[in-house]
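Data block for final_21.csv (CSV, C-alpha atoms):
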chain,number,residue,atom,x,y,z
A,1,MET,CA,-42.8,-48.7,193.5
A,2,ALA,CA,-42.7,-46.3,190.6
A,3,LEU,CA,-44.9,-47.1,187.6
A,4,GLU,CA,-41.8,-47.4,185.5
A,5,ASN,CA,-40.4,-50.1,187.7
A,6,TRP,CA,-43.6,-52.1,187.6
A,7,GLN,CA,-43.7,-51.8,183.8
A,8,GLU,CA,-40.1,-53.0,183.7
A,9,GLN,CA,-41.0,-56.0,185.8
A,10,LEU,CA,-44.0,-56.8,183.6
A,11,ARG,CA,-41.9,-56.4,180.5
A,12,ARG,CA,-39.1,-58.7,181.8
A,13,GLY,CA,-41.7,-61.3,182.9
A,14,GLY,CA,-43.1,-61.4,179.4
A,15,LEU,CA,-39.8,-61.4,177.5
A,16,ASP,CA,-38.9,-65.1,178.0
A,17,LEU,CA,-42.2,-66.1,176.6
A,18,ALA,CA,-42.0,-63.6,173.8
A,19,ILE,CA,-38.6,-64.9,172.7
A,20,LEU,CA,-39.7,-68.5,172.8
A,21,VAL,CA,-42.8,-67.6,170.7
A,22,SER,CA,-40.5,-65.7,168.2
A,23,VAL,CA,-38.5,-68.8,167.4
A,24,ALA,CA,-41.3,-71.3,167.6
A,25,GLN,CA,-41.9,-71.3,163.9
A,26,ALA,CA,-38.4,-71.0,162.5
A,27,PRO,CA,-34.9,-70.4,163.8
A,28,ARG,CA,-34.0,-66.7,164.1
A,29,TYR,CA,-30.8,-64.8,165.0
A,30,GLY,CA,-30.7,-62.1,167.7
A,31,LEU,CA,-31.4,-59.0,165.5
A,32,ASP,CA,-34.1,-60.9,163.7
A,33,ILE,CA,-35.8,-61.7,167.0
A,34,ILE,CA,-35.5,-58.1,168.1
A,35,ARG,CA,-37.0,-56.8,164.8
A,36,HIS,CA,-39.8,-59.3,165.1
A,37,LEU,CA,-40.6,-58.3,168.7
A,38,GLU,CA,-40.3,-54.6,167.8
A,39,GLU,CA,-42.8,-55.1,164.9
A,40,LEU,CA,-45.4,-56.5,167.2
A,41,THR,CA,-44.6,-55.3,170.7
A,42,ASP,CA,-42.6,-52.8,172.6
A,43,LEU,CA,-40.9,-55.4,174.8
A,44,VAL,CA,-37.3,-54.7,173.6
A,45,VAL,CA,-36.0,-51.4,175.1
A,46,THR,CA,-32.3,-51.9,174.9
A,47,GLU,CA,-31.3,-54.2,172.0
A,48,GLY,CA,-28.1,-55.6,173.6
A,49,THR,CA,-29.9,-56.8,176.7
A,50,ILE,CA,-31.8,-59.5,174.8
A,51,TYR,CA,-28.6,-61.5,174.2
A,52,PRO,CA,-28.0,-62.5,177.9
A,53,ILE,CA,-31.6,-63.7,178.0
A,54,LEU,CA,-31.0,-65.8,174.8
A,55,GLY,CA,-27.9,-67.2,176.5
A,56,ARG,CA,-29.8,-68.2,179.6
A,57,LEU,CA,-32.6,-69.8,177.7
A,58,THR,CA,-29.9,-71.8,175.8
A,59,ARG,CA,-28.2,-72.9,179.0
A,60,GLU,CA,-31.6,-73.9,180.4
A,61,GLY,CA,-32.0,-76.1,177.3
A,62,PHE,CA,-35.0,-74.4,175.8
A,63,LEU,CA,-33.1,-73.0,172.9
A,64,ALA,CA,-30.2,-74.4,170.8
A,65,ALA,CA,-27.8,-72.0,169.2
A,66,GLU,CA,-25.7,-72.3,166.1
A,67,TRP,CA,-23.4,-69.9,164.3
A,68,VAL,CA,-24.0,-69.6,160.5
A,69,ALA,CA,-21.1,-68.0,158.7
A,70,ASP,CA,-21.9,-68.1,155.0
A,71,GLU,CA,-25.3,-66.3,154.9
A,72,ALA,CA,-24.2,-62.7,155.4
A,73,PRO,CA,-21.0,-60.7,155.4
A,74,HIS,CA,-20.8,-61.4,159.1
A,75,PRO,CA,-21.7,-64.6,161.0
A,76,ARG,CA,-25.1,-64.9,162.6
A,77,LYS,CA,-26.0,-66.9,165.7
A,78,TYR,CA,-29.3,-68.7,165.1
A,79,TYR,CA,-31.6,-69.9,167.8
A,80,ARG,CA,-34.1,-72.6,167.5
A,81,LEU,CA,-36.6,-74.1,169.9
A,82,THR,CA,-35.5,-77.5,171.3
A,83,SER,CA,-38.1,-80.2,172.2
A,84,THR,CA,-37.7,-79.2,175.9
A,85,GLY,CA,-38.3,-75.6,174.8
A,86,ARG,CA,-41.4,-76.6,172.9
A,87,ARG,CA,-42.8,-78.3,175.9
A,88,ARG,CA,-41.9,-75.3,178.1
A,89,LEU,CA,-43.5,-72.9,175.6
A,90,SER,CA,-46.8,-74.9,175.7
A,91,GLN,CA,-46.8,-74.8,179.5
A,92,MET,CA,-46.1,-71.1,179.5
A,93,LEU,CA,-48.8,-70.4,177.0
A,94,VAL,CA,-51.4,-72.2,179.2
A,95,HIS,CA,-50.2,-70.3,182.3
A,96,TRP,CA,-50.2,-67.0,180.5
A,97,GLU,CA,-53.7,-67.6,179.3
A,98,GLU,CA,-54.9,-68.5,182.8
A,99,PHE,CA,-53.0,-65.5,184.3
A,100,THR,CA,-54.4,-62.9,181.9
A,101,THR,CA,-57.9,-64.4,182.3
A,102,LYS,CA,-57.8,-64.0,186.0
A,103,ILE,CA,-56.5,-60.5,185.9
A,104,GLU,CA,-59.1,-59.6,183.3
A,105,ARG,CA,-61.8,-61.1,185.5
A,106,LEU,CA,-60.5,-58.9,188.4
A,107,ILE,CA,-60.6,-55.8,186.3
A,108,GLN,CA,-64.0,-56.6,185.0
A,109,ALA,CA,-65.3,-56.8,188.6
A,110,LEU,CA,-64.2,-53.2,189.3
A,111,PRO,CA,-67.1,-50.7,189.5
A,112,GLU,CA,-67.4,-48.7,186.3
A,113,GLY,CA,-66.0,-45.5,187.7
A,114,MET,CA,-62.7,-47.1,188.7
A,115,LYS,CA,-61.7,-48.5,185.4
B,116,MET,CA,-22.0,-48.8,155.0
B,117,LYS,CA,-18.3,-49.3,155.0
B,118,LEU,CA,-16.9,-47.6,158.0
B,119,THR,CA,-14.0,-45.2,158.0
B,120,GLU,CA,-11.1,-45.7,160.4
B,121,LEU,CA,-12.8,-43.5,163.0
B,122,GLY,CA,-16.2,-45.3,162.8
B,123,GLU,CA,-14.4,-48.6,163.0
B,124,ALA,CA,-12.5,-47.4,166.1
B,125,ARG,CA,-15.8,-46.5,167.8
B,126,VAL,CA,-17.1,-50.0,167.2
B,127,ARG,CA,-13.9,-51.6,168.4
B,128,GLY,CA,-13.8,-49.4,171.5
B,129,TYR,CA,-17.4,-50.4,172.3
B,130,LEU,CA,-16.6,-54.1,171.9
B,131,TYR,CA,-13.4,-53.7,173.9
B,132,ILE,CA,-15.2,-52.3,176.9
B,133,LEU,CA,-17.9,-54.9,176.6
B,134,GLY,CA,-15.4,-57.7,176.4
B,135,ARG,CA,-13.3,-56.5,179.3
B,136,SER,CA,-16.4,-56.2,181.4
B,137,LEU,CA,-17.8,-59.6,180.5
B,138,ARG,CA,-14.4,-61.3,181.1
B,139,SER,CA,-14.5,-60.1,184.7
B,140,PHE,CA,-17.3,-62.5,185.6
B,141,LEU,CA,-17.9,-64.9,182.7
B,142,PRO,CA,-15.7,-67.8,181.5
B,143,HIS,CA,-13.3,-66.5,178.8
B,144,ASP,CA,-15.0,-68.5,175.9
B,145,VAL,CA,-18.5,-67.5,176.9
B,146,ALA,CA,-17.4,-63.8,177.1
B,147,LEU,CA,-15.7,-64.1,173.6
B,148,ASP,CA,-18.9,-65.7,172.1
B,149,SER,CA,-21.1,-63.0,173.7
B,150,VAL,CA,-18.9,-60.2,172.2
B,151,ARG,CA,-18.9,-61.9,168.8
B,152,GLU,CA,-22.7,-62.0,168.9
B,153,VAL,CA,-23.1,-58.4,169.9
B,154,GLU,CA,-20.5,-57.5,167.2
B,155,SER,CA,-22.6,-59.4,164.6
B,156,HIS,CA,-25.6,-57.4,165.7
B,157,ILE,CA,-23.7,-54.1,165.4
B,158,ARG,CA,-22.2,-55.0,162.0
B,159,GLU,CA,-25.6,-55.9,160.6
B,160,ARG,CA,-27.2,-52.7,161.9
B,161,ILE,CA,-24.3,-50.7,160.3
B,162,ALA,CA,-24.7,-52.6,157.0
B,163,GLY,CA,-28.4,-51.5,157.0
B,164,GLU,CA,-27.3,-47.8,157.2
B,165,GLU,CA,-26.2,-47.6,153.6
B,166,GLY,CA,-26.2,-44.0,152.4
B,167,ALA,CA,-26.4,-42.5,155.9
B,168,PRO,CA,-25.1,-38.9,155.5
B,169,ASP,CA,-23.1,-38.8,158.8
B,170,GLU,CA,-21.4,-42.0,159.6
B,171,LEU,CA,-20.3,-41.2,163.1
B,172,ARG,CA,-23.8,-40.1,164.0
B,173,ALA,CA,-25.2,-43.3,162.6
B,174,VAL,CA,-22.7,-45.4,164.5
B,175,ALA,CA,-23.3,-43.5,167.8
B,176,ARG,CA,-27.1,-44.0,167.3
B,177,ILE,CA,-26.7,-47.7,166.7
B,178,LEU,CA,-24.4,-48.2,169.7
B,179,ALA,CA,-26.8,-46.2,171.9
B,180,GLU,CA,-29.7,-48.5,170.7
B,181,VAL,CA,-27.6,-51.6,171.5
B,182,GLY,CA,-27.1,-50.1,174.9
B,183,PRO,CA,-24.1,-48.8,176.8
B,184,PRO,CA,-21.5,-51.6,177.1
B,185,LEU,CA,-21.7,-51.6,180.9
B,186,GLU,CA,-25.5,-51.8,180.8
B,187,VAL,CA,-25.3,-54.8,178.5
B,188,ALA,CA,-22.6,-56.4,180.7
B,189,GLN,CA,-24.9,-55.8,183.7
B,190,ALA,CA,-27.7,-57.7,181.9
B,191,TYR,CA,-25.3,-60.6,181.4
B,192,SER,CA,-24.4,-60.4,185.1
B,193,ALA,CA,-28.1,-60.4,186.1
B,194,GLU,CA,-28.7,-63.5,184.0
B,195,ALA,CA,-25.7,-65.2,185.6
B,196,VAL,CA,-27.2,-64.6,189.0
B,197,ILE,CA,-30.5,-66.2,187.8
B,198,ASP,CA,-28.4,-69.2,186.5
B,199,GLU,CA,-26.8,-69.5,189.9
B,200,ALA,CA,-30.0,-69.2,191.8
B,201,LEU,CA,-31.6,-71.9,189.6
B,202,SER,CA,-28.7,-74.2,190.0
B,203,THR,CA,-28.6,-73.9,193.8
B,204,GLY,CA,-32.3,-73.8,194.2
B,205,GLY,CA,-32.0,-70.3,195.5
B,206,SER,CA,-30.0,-71.4,198.4
B,207,ALA,CA,-27.7,-69.0,200.3
B,208,ARG,CA,-24.6,-69.8,198.3
B,209,ARG,CA,-23.9,-66.5,196.8
B,210,ARG,CA,-21.1,-67.0,194.3
B,211,ALA,CA,-20.7,-65.9,190.8
B,212,PRO,CA,-20.2,-68.6,188.1
B,213,SER,CA,-16.6,-67.7,187.8
B,214,GLY,CA,-16.2,-68.2,191.5
B,215,ALA,CA,-15.9,-64.5,192.4
B,216,SER,CA,-17.7,-63.6,195.5
B,217,LEU,CA,-20.9,-61.6,195.1
B,218,PRO,CA,-21.5,-58.5,197.2
B,219,PRO,CA,-23.7,-58.8,200.2
B,220,PRO,CA,-27.4,-59.0,199.4
B,221,ARG,CA,-29.4,-55.8,199.1
B,222,ARG,CA,-31.6,-55.3,202.1
B,223,ASP,CA,-35.0,-54.1,200.8
B,224,SER,CA,-36.5,-54.6,204.3
B,225,SER,CA,-35.1,-54.6,207.7
B,226,PRO,CA,-32.5,-57.3,208.3
B,227,GLY,CA,-33.8,-60.4,210.0
B,228,SER,CA,-37.4,-59.8,209.0
B,229,PRO,CA,-39.0,-62.9,207.5
B,230,CYS,CA,-39.0,-61.5,204.0
B,231,SER,CA,-35.6,-59.9,203.9
B,232,GLN,CA,-33.8,-63.0,202.6
B,233,ALA,CA,-36.5,-63.8,200.0
B,234,ILE,CA,-36.3,-60.4,198.3
B,235,SER,CA,-32.6,-59.9,198.5
B,236,TRP,CA,-31.8,-61.6,195.2
B,237,GLY,CA,-31.3,-58.5,193.1
B,238,PRO,CA,-29.0,-58.4,190.1
B,239,ARG,CA,-25.4,-58.5,191.2
B,240,SER,CA,-24.0,-55.0,191.5
B,241,PHE,CA,-21.4,-54.6,188.8
B,242,SER,CA,-18.0,-53.1,188.7
B,243,PRO,CA,-15.9,-53.6,185.6
B,244,ARG,CA,-12.3,-54.6,186.0
B,245,ARG,CA,-10.0,-51.7,185.4

Rewrite the structure from the file as structure tokens, please.
Amino acid sequence: MALENWQEQLRRGGLDLAILVSVAQAPRYGLDIIRHLEELTDLVVTEGTIYPILGRLTREGFLAAEWVADEAPHPRKYYRLTSTGRRRLSQMLVHWEEFTTKIERLIQALPEGMK
Amino acid sequence: MKLTELGEARVRGYLYILGRSLRSFLPHDVALDSVREVESHIRERIAGEEGAPDELRAVARILAEVGPPLEVAQAYSAEAVIDEALSTGGSARRRAPSGASLPPPRRDSSPGSPCSQAISWGPRSFSPRR
């Protein structure tokens, strides 16, 4: 597998969690989520591809979406975390922490010359 | 930035291709809502380009950053496949949400090998309706 493919898989794997974290504190609309993620990460490569993920997370019940028409010259679709989404986010954070700790432990066990 | 007729046509053309592609596999109302959301994104990006010296170049850059419409449609298609896999528990029913048949699974290893089924759930290959 090419390094780029592996990086892409890693990025995709983290994107669901990153989106849920982005809306954990307050509702955000798509571009706002993208800007927030761009500010802190490089997870968003193609802006338009985040919307299908938002749609799936909504269908799965983790996000609730609502159009707001009177805030800007164009309507914005806001996403907020549902109670199911909040529970899922807590679970994901625990798993993420465990996962990164295990990988970090593996890396630490490598001999010095291999890191 | 207020778009000229040509700039507006570029945006409309992008949304037209995206909408037509999405309607080939998503329910009509879902496709409409998705296009509306991407349009909102594009309009907001354009509004942030106040004073850009070359409108068409700015629009082209924004549309490129949103992603080619077929690539965006493919991403919707991939998520639809995930939906379907989740709703069927990853069973062998390979049908798109709209009921359209999906293409045969990709064979990433030799057919019949123990892992060939498990790894064949790639994103649905996508061909926009002409």

Which residues of chain A come within 7 Å of chain B, and for each one, what is the closest pair of atoms and their distance in Å to one decimal, counting only C-alpha atoms, sorted by chain and residue number, as CSV?
residue,atom,partner,partner_atom,distance
A:Leu31,CA,B:His156,CA,6.0
A:Thr46,CA,B:Gly182,CA,5.5
A:Glu47,CA,B:Val181,CA,4.5
A:Gly48,CA,B:Val181,CA,4.5
A:Thr49,CA,B:Val187,CA,5.3
A:Pro52,CA,B:Tyr191,CA,4.8
A:Ile53,CA,B:Glu194,CA,6.7
A:Arg56,CA,B:Glu194,CA,6.5
A:His74,CA,B:Ser155,CA,6.1
A:Pro75,CA,B:Ser155,CA,6.4
A:Arg76,CA,B:Ser155,CA,6.4
A:Lys77,CA,B:Glu152,CA,6.7

Can you tell me which residues surround Arg135 (chain B) at a distance of at most 12 Å, considering all atoms listed in the file, apart from same-chain residues fewer than 2 positions away, and format the answer as JSON, numbers by chain?
{"B": [127, 128, 129, 130, 131, 132, 133, 137, 138, 139, 140, 141, 142, 143, 146, 147, 149, 150, 184, 185, 188, 242, 243, 244, 245]}

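CA of Arg28 (chain A) sits 13.4 Å away from CA of Thr58 (chain A).
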
What is the CA of Arg86 (chain A) to CA of Lys102 (chain A) distance in Å?
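Answer for the CA of Arg86 (chain A) to CA of Lys102 (chain A) separation: 24.5 Å.
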
Could you work out how far CA of Leu37 (chain A) lies from CA of Leu15 (chain A), giving the answer in Å with one decimal?
9.4 Å

Close residues, Gly166 (chain B) itself excluded, 8 Å, all atoms listed in the file, min 2 positions apart in chain, as a list in words
Met116, Glu164 and Pro168 of chain B

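Excluding Glu170 (chain B) itself and same-chain residues fewer than 6 positions from it, the residues having an atom within 10 Å of it are Met116, Lys117, Leu118, Thr119, Leu121, Gly122, Ile161, Glu164 and Arg176 of chain B, counting all atoms listed in the file.
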
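Nearest to Phe62 (chain A) of all the residues A:Glu104, A:Glu8, A:Leu89, A:Leu40 is A:Leu89, counting all atoms listed in the file.
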
Tell me, as a list in words, which residues lie within 8 Å of Tyr78 (chain A), counting all atoms listed in the file; anything in the same chain fewer than 4 positions away does not count.
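Residues near the query, excluding close chain neighbours: Pro27, Arg28, Tyr29, Gly30, Ala65, Glu66, Trp67 and Val68 of chain A.
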
Go ahead and write the selection's residues with C-alpha atoms as a tab-separated table (two decimals), in the frame of the given file.
chain	number	residue	atom	x	y	z
A	27	PRO	CA	-34.90	-70.40	163.80
A	28	ARG	CA	-34.00	-66.70	164.10
A	29	TYR	CA	-30.80	-64.80	165.00
A	30	GLY	CA	-30.70	-62.10	167.70
A	65	ALA	CA	-27.80	-72.00	169.20
A	66	GLU	CA	-25.70	-72.30	166.10
A	67	TRP	CA	-23.40	-69.90	164.30
A	68	VAL	CA	-24.00	-69.60	160.50
